[in-house]
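The structure appears right after this line, and notes come after that.
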Amino acid sequence: MSTNTESDTADAQPATAPDVESEAESESEIDTQPEPEVETKAEPESGPNVETDTDTDGDAETDTKSESEPESEGDDDAEEIVMSPPQQFTAAIKGGAIKEFVSTLRAIVDEAKIRVGPDGIHTRAVDPANVAMYDVTLAAGAFESYDATEGVLGVNLERFEEVLKLAKKNDLVQLSFNTTSFKLVIHIDGVEFTMALIDPDSIRKEPEIPEMDLPISLTLEEAQISRGVKAADMVSDHIRFRCDEAETTVYIEAEGDTDNVSVELADDDLVALTAADGNALYSLDYVNDISKQFPKSTEITLTFGGDFPMMFEYQFSDGECDVLAMLAPRIQSD
Amino acid sequence: MSTNTESDTADAQPATAPDVESEAESESEIDTQPEPEVETKAEPESGPNVETDTDTDGDAETDTKSESEPESEGDDDAEEIVMSPPQQFTAAIKGGAIKEFVSTLRAIVDEAKIRVGPDGIHTRAVDPANVAMYDVTLAAGAFESYDATEGVLGVNLERFEEVLKLAKKNDLVQLSFNTTSFKLVIHIDGVEFTMALIDPDSIRKEPEIPEMDLPISLTLEEAQISRGVKAADMVSDHIRFRCDEAETTVYIEAEGDTDNVSVELADDDLVALTAADGNALYSLDYVNDISKQFPKSTEITLTFGGDFPMMFEYQFSDGECDVLAMLAPRIQSD
Amino acid sequence: MSTNTESDTADAQPATAPDVESEAESESEIDTQPEPEVETKAEPESGPNVETDTDTDGDAETDTKSESEPESEGDDDAEEIVMSPPQQFTAAIKGGAIKEFVSTLRAIVDEAKIRVGPDGIHTRAVDPANVAMYDVTLAAGAFESYDATEGVLGVNLERFEEVLKLAKKNDLVQLSFNTTSFKLVIHIDGVEFTMALIDPDSIRKEPEIPEMDLPISLTLEEAQISRGVKAADMVSDHIRFRCDEAETTVYIEAEGDTDNVSVELADDDLVALTAADGNALYSLDYVNDISKQFPKSTEITLTFGGDFPMMFEYQFSDGECDVLAMLAPRIQSD
């Protein structure tokens with residue numbers, strides 16, 4: 001993921017556990033995934049250039065970022081994280097795109113740090129239970145007009161989402177940060193909404209994404225996943241994704257007390273598949289919340305491995321918005 | 001109704017009260033209808049060949065069964081009721097038809113014995129208060145493919161209905177009984193759902209339909225009934241059906257504390273009418289539940305008599321599904 | 001307001017406070033609006049000829065009543081108010097029009113006195129807190145057929161609205177007052193509904209509309225108001241209407257604890273504007289209830305002044321139905 005090299009960050013925080021873990025105050029679920037072979041980047045937040053990085057081991061098709069982004073040069077010093085508001089932020093965007101950005105994050109959090117910068121806006125957020133994480137980037141190209149310097153805005157997403165209901169899909173939503181009042185001004189079709197921001201320091205810390213070797217990857221239509229999740233939800237609170245390498249087939253499975261669900265995803269159902277033997281169990285509540293956010297008729301890439309987190313990756317707004325959701329596995333005790 | 005003759009069954013259980021009554025543990029409402037002139041068939045369940053039989057007295061147009069069904073020959077012995085699961089049951093049907101079958105029964109019960117056999121599937125069920133009964137047959141011709149031997153499946157209709165939500169109207173629903181696991185396997189568009197069955201013995205006994213002389217019969221569009229029921233529901237908990245023979249008119253009436261509703265159904269509103277003087281009162285809750293199940297734009301035949309049960313009869317799936325609902329009258333004490 | 005002259009009515013009840021006030025039992029909000037310069041007509045109810053009268057000061061375009069209505073000649077004596085039911089009332093009207101009439105009043109009351117007369121039907125009602133008032137006239141021309149003498153019907157609007165759900169927009173609703181049973185008979189597509197009436201004396205007294213000098217008037221599409229009200233509702237319980245005479249602009253404003261909303265209504269947004277400097281605050285709950293009743297794509301005229309009530313005026317049914325809503329202001333104490 002871009003120019004953050006492992007050696008640099010290892011210097012800054014040499015012997016630390018992953019960020020995710022330390023912040024979770026030993027909450028159980030996210031702790032289950034760091035196996036010995038997981039290399040974890042130890043630097044904390046480093047602004048909009050900290051990107052999704054789950055494909056260092058061959059699944060390179062999901063990496064949509066260039067390897068050399070100039071704005072990431074200050075990363076050598078882990079303390080140089082931008083935590084102040086931007087000097088300049090004025091943008092205009094179609095209602096549909098900004099609503100999708102906000103509602104995606106709303107799947108797991110009510111407030112978030114939105115990092116703005118010349119290239120677009122970016123948010124990474126983890127849910128209160130430390131089980132699910134979103135990393136969402138809305139590139140400058142997704143906006144009708146865009147002018148921003150680097151900075152961070154603490155945003156009440158719940159309120160923001162409510163305000164955006166005033167906008168229809170194709171209505172222009174104008175956003176600007178008032179550097180005097182330190183409020184976000186939202187214009188929608190003659191209505192001016194002035195929204196107070198939240199102190200970013202009061203918002204849960206942005207998690208690190210551990211580097212993991214996830215051997216199984218499949219790409220499919222959102223409708224396929226949604227159908228499987230809906231079926232699983234009828235019988236259980238958990239959902240298993242299982243890949244059979246010999247059959248080159250992925251199964252979505254759920255086991256209830258008396259009833260079972262099984263969805264077979266083979267060649268015809270899949271856009272792409274990197275097969276390996278392995279399976280992992282996830283909480284259906286979270287999978288439900290995440291899959292509800294999938295835009296209709298969109299291809300979703302799932303990446304997972306035996307008892308490892310699952311990565312959900314997709315794009316919207318003509319590829320200008322990248323979404324990565326990461327979900328910790330359930331370790332079966334029964 | 002097919003080959004079950006009165007004399008046969010009278011021999012088997014000569015001096016008994018109707019099944020319906022004994023099972024209801026003396027609950028009041030259903031008891032109000034067996035007047036001295038009612039002939040009651042006393043045999044208990046006798047498999048899929050026990051059919052709707054309300055038309056022995058002239059309303060023969062509602063009898064859609066042949067008079068000679070070979071599989072009913074064992075009826076002489078009332079103990080020969082099939083209570084075991086089928087040796088073979090594999091069927092495929094459009095989502096719309098099976099959903100209609102299940103949701104019809106759901107109007108009054110959550111679980112039911114579905115009797116399968118070479119000619120199709122059949123269920124008779126009575127509500128917990130013993131006030132309303134459904135007898136529904138889905139003929140083999142309603143299925144896209146069908147192969148079954150005789151047997152009974154105890155089905156959780158609530159769960160089944162939920163699973164069927166995965167199917168759109170024209171989606172193919174594949175059903176098969178797994179004779180090893182004794183579960184019902186449901187395939188809908190790539191999703192395999194394995195549903196445990198219920199012990200049929202634990203499900204409320206299938207009621208007998210008493211033979212009654214119901215002199216009044218009318219056939220009309222479901223919209224006509226639904227409108228009257230909706231209006232009656234605004235003023236009362238009860239609904240009266242009254243026929244005036246001289247006027248050849250049927251009235252749907254409801255009386256509230258201060259307000260009244262009256263719907264006049266005369267020649268233009270009716271497809272067919274066999275008129276006689278008489279009226280009967282029914283619980284609106286039940287009439288509501290039953291009329292909500294009427295398929296849109298379908299002709300419904302109502303048959304009733306003074307303080308007697310009402311029969312609601314209709315078909316769907318191009319005539320391959322026959323529905324009979326029977327509702328006990330309310331006897332006015334005030 | 002037709003021929004009711006101030007001197008006549010002053011004779012009848014010389015030294016009284018306005019009707020509105022006396023009935024409110026000193027409830028606070030409506031009391032805030034009678035400023036010294038407000039001339040208040042003191043006569044109590046005087047039948048269908050008491051009309052909306054907010055335009056004595058130049059906004060004459062909203063006065064749709066002739067200045068000389070023959071039936072108002074008896075007004076000299078304030079005791080001659082018709083409180084008895086009509087000798088004759090038979091009318092037929094499209095479902096859409098009568099539903100709109102009833103649902104408009106339902107915004108603030110559950111029951112009302114409907115005054116019928118040769119020219120149409122008319123109701124004036126005030127909400128239980130004495131904050132909002134409606135005056136609605138449905139002219140004889142709005143009916144498909146109409147024949148009525150003067151009288152008053154005490155109507156349970158909640159029940160009436162429920163009954164009218166049986167009618168689609170273009171269904172004919174036939175209304176007639178049964179002078180024997182003293183009930184209202186409603187025919188909708190074959191359903192006859194007999195509805196008991198309420199003793200008009202038991203219904204809250206019809207309020208007087210105070211004469212006020214309201215200097216600001218604007219006419220705009222309902223969608224403009226609805227949007228502003230919806231936005232204001234996100235941040236506050238109150239909404240301010242403010243006019244800047246120099247800018248010839250009206251602002252809809254709401255201030256929350258941290259967030260603000262401002263909607264600017266200038267030339268392009270307005271159909272008409274009589275500008276003056278001034279602003280007034282209103283309860284959003286009431287403005288919401290009133291604006292929800294605005295028929296789609298209808299022009300609404302708002303008239304207000306500094307800390308004075310706001311008048312909302314519009315028409316529907318091709319101008320045959322006149323609606324005036326009056327809302328008392330909130331006096332800011334903080």
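Residues in the structure tokens are named by chain (A, B, ... in the order shown) and by number from 1 within that chain; ligands are numbered from 1 in the order shown.
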Quick one: residues within 7 Å of His122 in chain B, only C-alpha atoms counted, chain neighbours fewer than 6 positions away excluded, as a PyMOL selection string? chain B and resi 48+114-116+136-138
For the residues in that selection, give me N, CA and C atoms as a JSON list (two decimals), in the first residue's frame.
```json
[["chain", "number", "residue", "atom", "x", "y", "z"],
["B", 48, "PRO", "N", -55.28, -38.34, 2.14],
["B", 48, "PRO", "CA", -55.56, -37.27, 1.19],
["B", 48, "PRO", "C", -56.89, -37.41, 0.49],
["B", 114, "ILE", "N", -49.03, -32.02, 6.08],
["B", 114, "ILE", "CA", -49.22, -32.01, 4.63],
["B", 114, "ILE", "C", -49.19, -33.44, 4.16],
["B", 115, "ARG", "N", -50.31, -33.91, 3.62],
["B", 115, "ARG", "CA", -50.40, -35.27, 3.11],
["B", 115, "ARG", "C", -50.01, -35.27, 1.64],
["B", 116, "VAL", "N", -48.98, -36.03, 1.33],
["B", 116, "VAL", "CA", -48.57, -36.12, -0.06],
["B", 116, "VAL", "C", -49.01, -37.47, -0.61],
["B", 136, "VAL", "N", -57.21, -27.66, 1.92],
["B", 136, "VAL", "CA", -56.56, -27.15, 0.71],
["B", 136, "VAL", "C", -55.89, -28.29, -0.03],
["B", 137, "THR", "N", -56.15, -28.37, -1.32],
["B", 137, "THR", "CA", -55.54, -29.40, -2.16],
["B", 137, "THR", "C", -54.78, -28.75, -3.30],
["B", 138, "LEU", "N", -53.54, -29.16, -3.45],
["B", 138, "LEU", "CA", -52.73, -28.68, -4.57],
["B", 138, "LEU", "C", -52.46, -29.91, -5.44]]
```
From range 52-262 of chain C, collect each residue whose DSSP state is helix (DSSP H, G or I) and return the set as a ChimeraX atom specification. /C:60-62,70-76,95-106,140-142,157-164,200-202,222-232
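Distances here use only C-alpha atoms; by that measure, the residue among C:Asn260, C:Gln88, C:Ser103, C:Thr249 closest to chain A is C:Asn260.
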Spatial neighbours of Ser291 in chain C, 8 Å, only C-alpha atoms, chain gap at least 6 places, as a PyMOL selection string: chain C and resi 222+225-226
Compute the set of chain C residues within 10 Å of chain B, using only C-alpha atoms, and express it as a ChimeraX atom specification. /C:159,162-166,183-197
Give me, as a PyMOL selection string, all polymer residues having an atom no more than 12 Å from Glu247 in chain A, counting only C-alpha atoms and skipping those fewer than 2 positions away in the same chain. chain A and resi 242-245+249-251+264-267+273-277
Just-selected residues, C-alpha atoms written as a tab-separated table (two decimals), in the first residue's frame:
```tsv
chain	number	residue	atom	x	y	z
A	242	ARG	CA	-15.88	-22.42	2.96
A	243	CYS	CA	-13.74	-23.03	-0.11
A	244	ASP	CA	-13.03	-26.45	-1.60
A	245	GLU	CA	-9.93	-26.14	-3.78
A	249	THR	CA	-16.28	-24.03	-5.29
A	250	VAL	CA	-17.14	-21.75	-2.39
A	251	TYR	CA	-19.96	-22.62	-0.02
A	264	GLU	CA	-22.97	-23.39	-3.63
A	265	LEU	CA	-21.00	-20.82	-5.60
A	266	ALA	CA	-19.24	-22.47	-8.54
A	267	ASP	CA	-17.85	-21.27	-11.86
A	273	LEU	CA	-11.94	-17.23	-7.93
A	274	THR	CA	-8.58	-17.93	-6.30
A	275	ALA	CA	-9.28	-21.23	-4.59
A	276	ALA	CA	-7.66	-22.89	-1.59
A	277	ASP	CA	-9.00	-25.18	1.08
```
Mind checking which residues fall within 8 Å of Asn170 in chain B, counting only C-alpha atoms, ignoring those fewer than 3 positions away in the same chain, and posting them as JSON, numbers by chain? {"B": [94, 95, 96, 167]}
File dump, residues just selected, N, CA and C atoms, as a short mmCIF file (atom, residue, chain, number, x, y, z; two decimals), in the first residue's frame:
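The file below, result.cif, is the result:
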```cif
data_model
loop_
_atom_site.label_atom_id
_atom_site.label_comp_id
_atom_site.auth_asym_id
_atom_site.auth_seq_id
_atom_site.Cartn_x
_atom_site.Cartn_y
_atom_site.Cartn_z
N LYS B 94 -43.69 -23.58 -9.16
CA LYS B 94 -43.43 -22.13 -9.20
C LYS B 94 -43.62 -21.52 -7.80
N GLY B 95 -42.79 -20.56 -7.48
CA GLY B 95 -42.85 -19.91 -6.17
C GLY B 95 -44.24 -19.40 -5.83
N GLY B 96 -44.91 -18.78 -6.80
CA GLY B 96 -46.22 -18.19 -6.52
C GLY B 96 -47.22 -19.20 -6.01
N ALA B 167 -38.01 -17.02 -2.85
CA ALA B 167 -38.45 -17.29 -4.21
C ALA B 167 -39.36 -16.18 -4.72
#
```
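Taking CA of Met83 in chain A as the reference point, CA of Pro128 in chain A is found at 21.1 Å.
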Excluding Val323 in chain C and its own-chain neighbours fewer than 2 positions away, which residues fall within 9 Å of it when counting only C-alpha atoms? Please give them as a PyMOL selection string. chain C and resi 52+101+104+134-138+312-316+321+325
Keeping only C-alpha atoms, write the selected residues to a file as a CSV table (one decimal), in the first residue's frame.
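Written file, selection.csv:
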```csv
chain,number,residue,atom,x,y,z
C,52,THR,CA,-61.7,34.4,6.8
C,101,PHE,CA,-61.6,18.5,3.4
C,104,THR,CA,-57.2,19.1,6.5
C,134,TYR,CA,-58.6,26.1,10.6
C,135,ASP,CA,-61.3,27.7,8.6
C,136,VAL,CA,-62.3,25.5,5.6
C,137,THR,CA,-65.1,26.1,3.1
C,138,LEU,CA,-66.1,23.6,0.5
C,312,PHE,CA,-51.7,29.9,5.7
C,313,GLU,CA,-54.1,30.2,2.8
C,314,TYR,CA,-54.7,28.0,-0.2
C,315,GLN,CA,-57.3,26.4,-2.3
C,316,PHE,CA,-58.0,23.0,-3.8
C,321,CYS,CA,-62.4,24.7,-1.4
C,325,ALA,CA,-55.0,28.0,8.8
```
Could you find all residues in range 164-256 of chain B that DSSP calls strand (DSSP E) from the backbone, and write them as a PyMOL selection string? chain B and resi 172-178+183-188+191-196+216-221+238-244+249-255
